[in-house]
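Take a look at the structure set out below.
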Amino acid sequence: MTVVDQQIGQFTFALNFIARPAGDFRQKVAAMQSTLAADLPGGVFACPLDSLHLTIAPLIWARGTYDFDVRQWWASNLDAGVQDLACLAAESSAFKLTCAGLEVHPGAIVILFNPSPVLDALRDTVNGCPMFRDVIVETIDFTHVTLFRFTDVMTISKIADMVGRHTVPQTDWAIENLVLCQEEIYPSLQCKDIARFELAG
């Protein structure tokens, strides 16, 4: 059965280091999501197009619990944190991701991507960065973009049958820059970009 996401629309404070679909790939994802949404039942929450992203690392996790004030921590560490991420990005090569298909999980419908050694190395570097050691409480274990979440309990197999009638974009996603964004309403319904980082060519 699907898992209802009770946090949708709730106020939050999160910092996400992400890549956003752009160009031709963004257009194809938008078209696919729109077609898929028309085929899905009620009780499915479509993530807004401008919110679609690949998480490199959830630096301050929207679902995390902390024994200190993360807002105060970020206010004190903003400049140093941005500088560290800029250095990490500058030392990482641009890379491409290839869609591996659509998949239905209990909590979401996602686009999966084939593994990328460059992305894996970048994630390991960010997760091991001393600056964020005390705030990263969740690591990403598969490469995906979340398209839909659930507001009702439904049979996963039924949703999977519907999703299975659709295909993912055949265009590779060239990732040349990353974004640090602050999420204020979950899941990325209201967020602001703090900094953008270009990857090495």
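In the structure tokens, the first chain shown is A, the next is B, and so on; residue numbers restart at 1 for each chain, and ligands run from 1 in the order shown.
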* Spatial neighbours of A:Glu184, max dist 6 Å, only C-alpha atoms, sep filter under 5 positions, as an NGL selection string -> :A and (11-13 or 190-191)
Give me the residues near A:Leu59 as a PDB file with N, CA and C atoms, in the first residue's frame, where near means some atom within 6 Å (using only C-alpha atoms) and where sequence neighbours in that chain fewer than 6 positions away do not count.
```pdb
ATOM      1  N   LEU A  15      17.773  22.547   3.953  1.00  0.00           N
ATOM      2  CA  LEU A  15      18.753  22.969   2.957  1.00  0.00           C
ATOM      3  C   LEU A  15      19.058  21.783   2.066  1.00  0.00           C
ATOM      4  N   ASN A  16      18.873  21.974   0.758  1.00  0.00           N
ATOM      5  CA  ASN A  16      19.102  20.894  -0.188  1.00  0.00           C
ATOM      6  C   ASN A  16      20.126  21.313  -1.236  1.00  0.00           C
ATOM      7  N   ILE A 136      23.853  16.667   8.492  1.00  0.00           N
ATOM      8  CA  ILE A 136      23.374  15.653   7.552  1.00  0.00           C
ATOM      9  C   ILE A 136      22.934  14.418   8.335  1.00  0.00           C
TER      10      ILE A 136
END
```
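Picture a line from atom CA of A:Ala62 to atom CA of A:Pro187; it runs 8.2 Å.
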* A:Asp193 surroundings by only C-alpha atoms, 10 Å radius, close-in-sequence under 2 positions cut, as a VMD selection string -> chain A and resid 15 to 16 179 to 183 191 195 to 196
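Neighbours of A:Leu122 closer than or equal to 10 Å, with only C-alpha atoms counted and sequence neighbours fewer than 6 positions away skipped, come out as Ile56, Ala57, Leu88, Ala89, Glu91, Ser92, Ser93, Ser116 and Gly128 of chain A.
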* Asked: Hey, what does DSSP flag as strand (DSSP E) within stretch 7-197 of chain A? Can you give it to me as a ChimeraX atom specification?
  -> /A:11-19,44-46,54-60,95-97,99-105,108-113,144-150,173-175,177-185,190-197
* Do a neighbour search on A:Ala108 at 7 Å with only C-alpha atoms, toss out local chain neighbours closer than 6 positions, and write the hits as a ChimeraX atom specification. => /A:146,148-150
Restricted to C-alpha atoms, what would the selected residues look like written as a PDB file, in the first residue's frame?
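Result saved to out.pdb:
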```pdb
ATOM      1  CA  THR A 146      10.407  12.433  -7.352  1.00  0.00           C
ATOM      2  CA  PHE A 148       4.474  12.329  -7.284  1.00  0.00           C
ATOM      3  CA  ARG A 149       3.765  11.676  -3.620  1.00  0.00           C
ATOM      4  CA  PHE A 150       0.633  10.217  -2.047  1.00  0.00           C
TER       5      PHE A 150
END
```
* Can you tell me how far atom CA of A:Ile109 sits from atom CA of A:Thr2, in Å to one decimal? -> 10.1 Å
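With only C-alpha atoms as the atoms that count, the residue of A:Pro169, A:Met162, A:Val153, A:Leu85 with the shortest distance to A:Glu198 is A:Leu85.
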* Asked: Hey, what does DSSP flag as alpha helix (DSSP H) within chain A? Can you give it to me as a PyMOL selection string?
  -> chain A and resi 23-39+70-90+117-127+156-163
* Who sits within 9 Å of A:Asp84, only C-alpha atoms, same chain under 5 positions skipped, as a ChimeraX atom specification -> /A:79,89,129,131
Can you spit out the residues from that selection as a PDB file, in the first residue's frame, using C-alpha atoms?
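Output saved as result23.pdb:
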```pdb
ATOM      1  CA  ASP A  79      29.162  31.974   4.230  1.00  0.00           C
ATOM      2  CA  ALA A  89      31.502  21.746  -7.095  1.00  0.00           C
ATOM      3  CA  CYS A 129      32.476  17.365   4.465  1.00  0.00           C
ATOM      4  CA  MET A 131      31.165  21.562   7.655  1.00  0.00           C
TER       5      MET A 131
END
```
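Among A:Thr55, A:Thr155, A:Lys192, A:Thr139, the residue with the shortest atom-to-atom distance to A:Pro41, counting only C-alpha atoms, is A:Thr155.
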Could you give me, as a Markdown table, a per-residue list for stretch 153-183 of chain A showing, wherever an atom lies at most 10 Å from an atom of stretch 31-37 of chain A, the closest pair of atoms and their distance in Å to one decimal, using only C-alpha atoms and sorting by chain then residue number from low to high?
```
| residue | atom | partner | partner_atom | distance |
| --- | --- | --- | --- | --- |
| A:Met162 | CA | A:Leu36 | CA | 8.3 |
| A:Val163 | CA | A:Leu36 | CA | 7.0 |
| A:Gly164 | CA | A:Leu36 | CA | 9.9 |
| A:Arg165 | CA | A:Leu36 | CA | 8.9 |
| A:His166 | CA | A:Leu36 | CA | 7.0 |
| A:Thr167 | CA | A:Met32 | CA | 7.8 |
| A:Val168 | CA | A:Met32 | CA | 7.0 |
| A:Pro169 | CA | A:Met32 | CA | 7.4 |
```
Could the residues in this selection be saved with N, CA and C atoms as a PDB file, in the first residue's frame?
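Done, and the output landed in part_9.pdb:
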```pdb
ATOM      1  N   MET A 162      -0.665   1.449 -13.784  1.00  0.00           N
ATOM      2  CA  MET A 162      -0.918   2.697 -14.501  1.00  0.00           C
ATOM      3  C   MET A 162       0.387   3.335 -14.959  1.00  0.00           C
ATOM      4  N   VAL A 163       1.356   3.385 -14.063  1.00  0.00           N
ATOM      5  CA  VAL A 163       2.651   3.995 -14.382  1.00  0.00           C
ATOM      6  C   VAL A 163       3.364   3.206 -15.473  1.00  0.00           C
ATOM      7  N   GLY A 164       3.180   1.895 -15.456  1.00  0.00           N
ATOM      8  CA  GLY A 164       3.852   1.039 -16.423  1.00  0.00           C
ATOM      9  C   GLY A 164       3.453   1.283 -17.866  1.00  0.00           C
ATOM     10  N   ARG A 165       2.363   1.982 -18.076  1.00  0.00           N
ATOM     11  CA  ARG A 165       1.936   2.301 -19.438  1.00  0.00           C
ATOM     12  C   ARG A 165       2.679   3.504 -20.020  1.00  0.00           C
ATOM     13  N   HIS A 166       3.552   4.096 -19.217  1.00  0.00           N
ATOM     14  CA  HIS A 166       4.261   5.300 -19.639  1.00  0.00           C
ATOM     15  C   HIS A 166       5.762   5.036 -19.699  1.00  0.00           C
ATOM     16  N   THR A 167       6.444   5.839 -20.486  1.00  0.00           N
ATOM     17  CA  THR A 167       7.891   5.704 -20.611  1.00  0.00           C
ATOM     18  C   THR A 167       8.566   7.003 -20.194  1.00  0.00           C
ATOM     19  N   VAL A 168       9.832   6.897 -19.838  1.00  0.00           N
ATOM     20  CA  VAL A 168      10.597   8.071 -19.423  1.00  0.00           C
ATOM     21  C   VAL A 168      11.234   8.736 -20.639  1.00  0.00           C
ATOM     22  N   PRO A 169      11.628   9.995 -20.509  1.00  0.00           N
ATOM     23  CA  PRO A 169      12.303  10.671 -21.623  1.00  0.00           C
ATOM     24  C   PRO A 169      13.567   9.930 -22.043  1.00  0.00           C
TER      25      PRO A 169
END
```
* Please provide the set of residues having any atom within 9 Å of A:Pro21, restricted to only C-alpha atoms, with same-chain residues fewer than 2 positions apart removed, written as a ChimeraX atom specification. => /A:19,23-27,29,50,52-54,173-175
Residues just named, written with N, CA and C atoms as an mmCIF file, in the first residue's frame:
```cif
data_model
loop_
_atom_site.group_PDB
_atom_site.id
_atom_site.type_symbol
_atom_site.label_atom_id
_atom_site.label_comp_id
_atom_site.auth_asym_id
_atom_site.auth_seq_id
_atom_site.Cartn_x
_atom_site.Cartn_y
_atom_site.Cartn_z
ATOM 1 N N ALA A 19 20.345 19.303 -8.165
ATOM 2 C CA ALA A 19 20.406 19.631 -9.590
ATOM 3 C C ALA A 19 18.973 19.720 -10.087
ATOM 4 N N GLY A 23 16.449 22.785 -19.859
ATOM 5 C CA GLY A 23 16.477 22.635 -21.305
ATOM 6 C C GLY A 23 15.522 21.580 -21.833
ATOM 7 N N ASP A 24 16.001 20.846 -22.819
ATOM 8 C CA ASP A 24 15.182 19.834 -23.481
ATOM 9 C C ASP A 24 14.741 18.748 -22.509
ATOM 10 N N PHE A 25 15.625 18.400 -21.590
ATOM 11 C CA PHE A 25 15.263 17.356 -20.634
ATOM 12 C C PHE A 25 14.111 17.821 -19.738
ATOM 13 N N ARG A 26 14.149 19.048 -19.292
ATOM 14 C CA ARG A 26 13.066 19.599 -18.466
ATOM 15 C C ARG A 26 11.741 19.544 -19.217
ATOM 16 N N GLN A 27 11.748 19.930 -20.493
ATOM 17 C CA GLN A 27 10.525 19.929 -21.281
ATOM 18 C C GLN A 27 9.956 18.519 -21.413
ATOM 19 N N VAL A 29 10.458 15.969 -19.351
ATOM 20 C CA VAL A 29 9.960 15.540 -18.039
ATOM 21 C C VAL A 29 8.601 16.175 -17.768
ATOM 22 N N ASP A 50 8.594 23.303 -11.203
ATOM 23 C CA ASP A 50 9.733 24.083 -10.717
ATOM 24 C C ASP A 50 10.381 23.471 -9.485
ATOM 25 N N LEU A 52 10.844 20.057 -9.205
ATOM 26 C CA LEU A 52 11.478 18.781 -9.540
ATOM 27 C C LEU A 52 12.994 18.923 -9.464
ATOM 28 N N HIS A 53 13.632 17.968 -8.825
ATOM 29 C CA HIS A 53 15.075 18.055 -8.648
ATOM 30 C C HIS A 53 15.668 16.698 -8.311
ATOM 31 N N LEU A 54 16.948 16.610 -8.516
ATOM 32 C CA LEU A 54 17.750 15.480 -8.060
ATOM 33 C C LEU A 54 18.514 15.945 -6.836
ATOM 34 N N TRP A 173 20.351 13.525 -19.385
ATOM 35 C CA TRP A 173 20.313 14.763 -18.619
ATOM 36 C C TRP A 173 21.754 15.194 -18.362
ATOM 37 N N ALA A 174 22.159 16.278 -18.985
ATOM 38 C CA ALA A 174 23.506 16.814 -18.780
ATOM 39 C C ALA A 174 23.477 17.777 -17.602
ATOM 40 N N ILE A 175 24.189 17.429 -16.545
ATOM 41 C CA ILE A 175 24.208 18.247 -15.326
ATOM 42 C C ILE A 175 25.521 19.020 -15.274
#
```
* Of the residues A:Ile60, A:His144, A:Phe45, A:Trp73, which is the one nearest to A:Glu103, using only C-alpha atoms? -> A:His144
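Between atom CA of A:Val3 and atom CA of A:Pro48 there is a distance of 19.7 Å.
Proximity ranking of A:Val145, A:Ala46, A:Leu97, A:Val135 relative to A:Pro117 places A:Leu97 first, based on only C-alpha atoms.
Nearest to A:Leu189 of all the residues A:Cys99, A:Val4, A:Cys47, A:Ala94 is A:Cys47, based on only C-alpha atoms.
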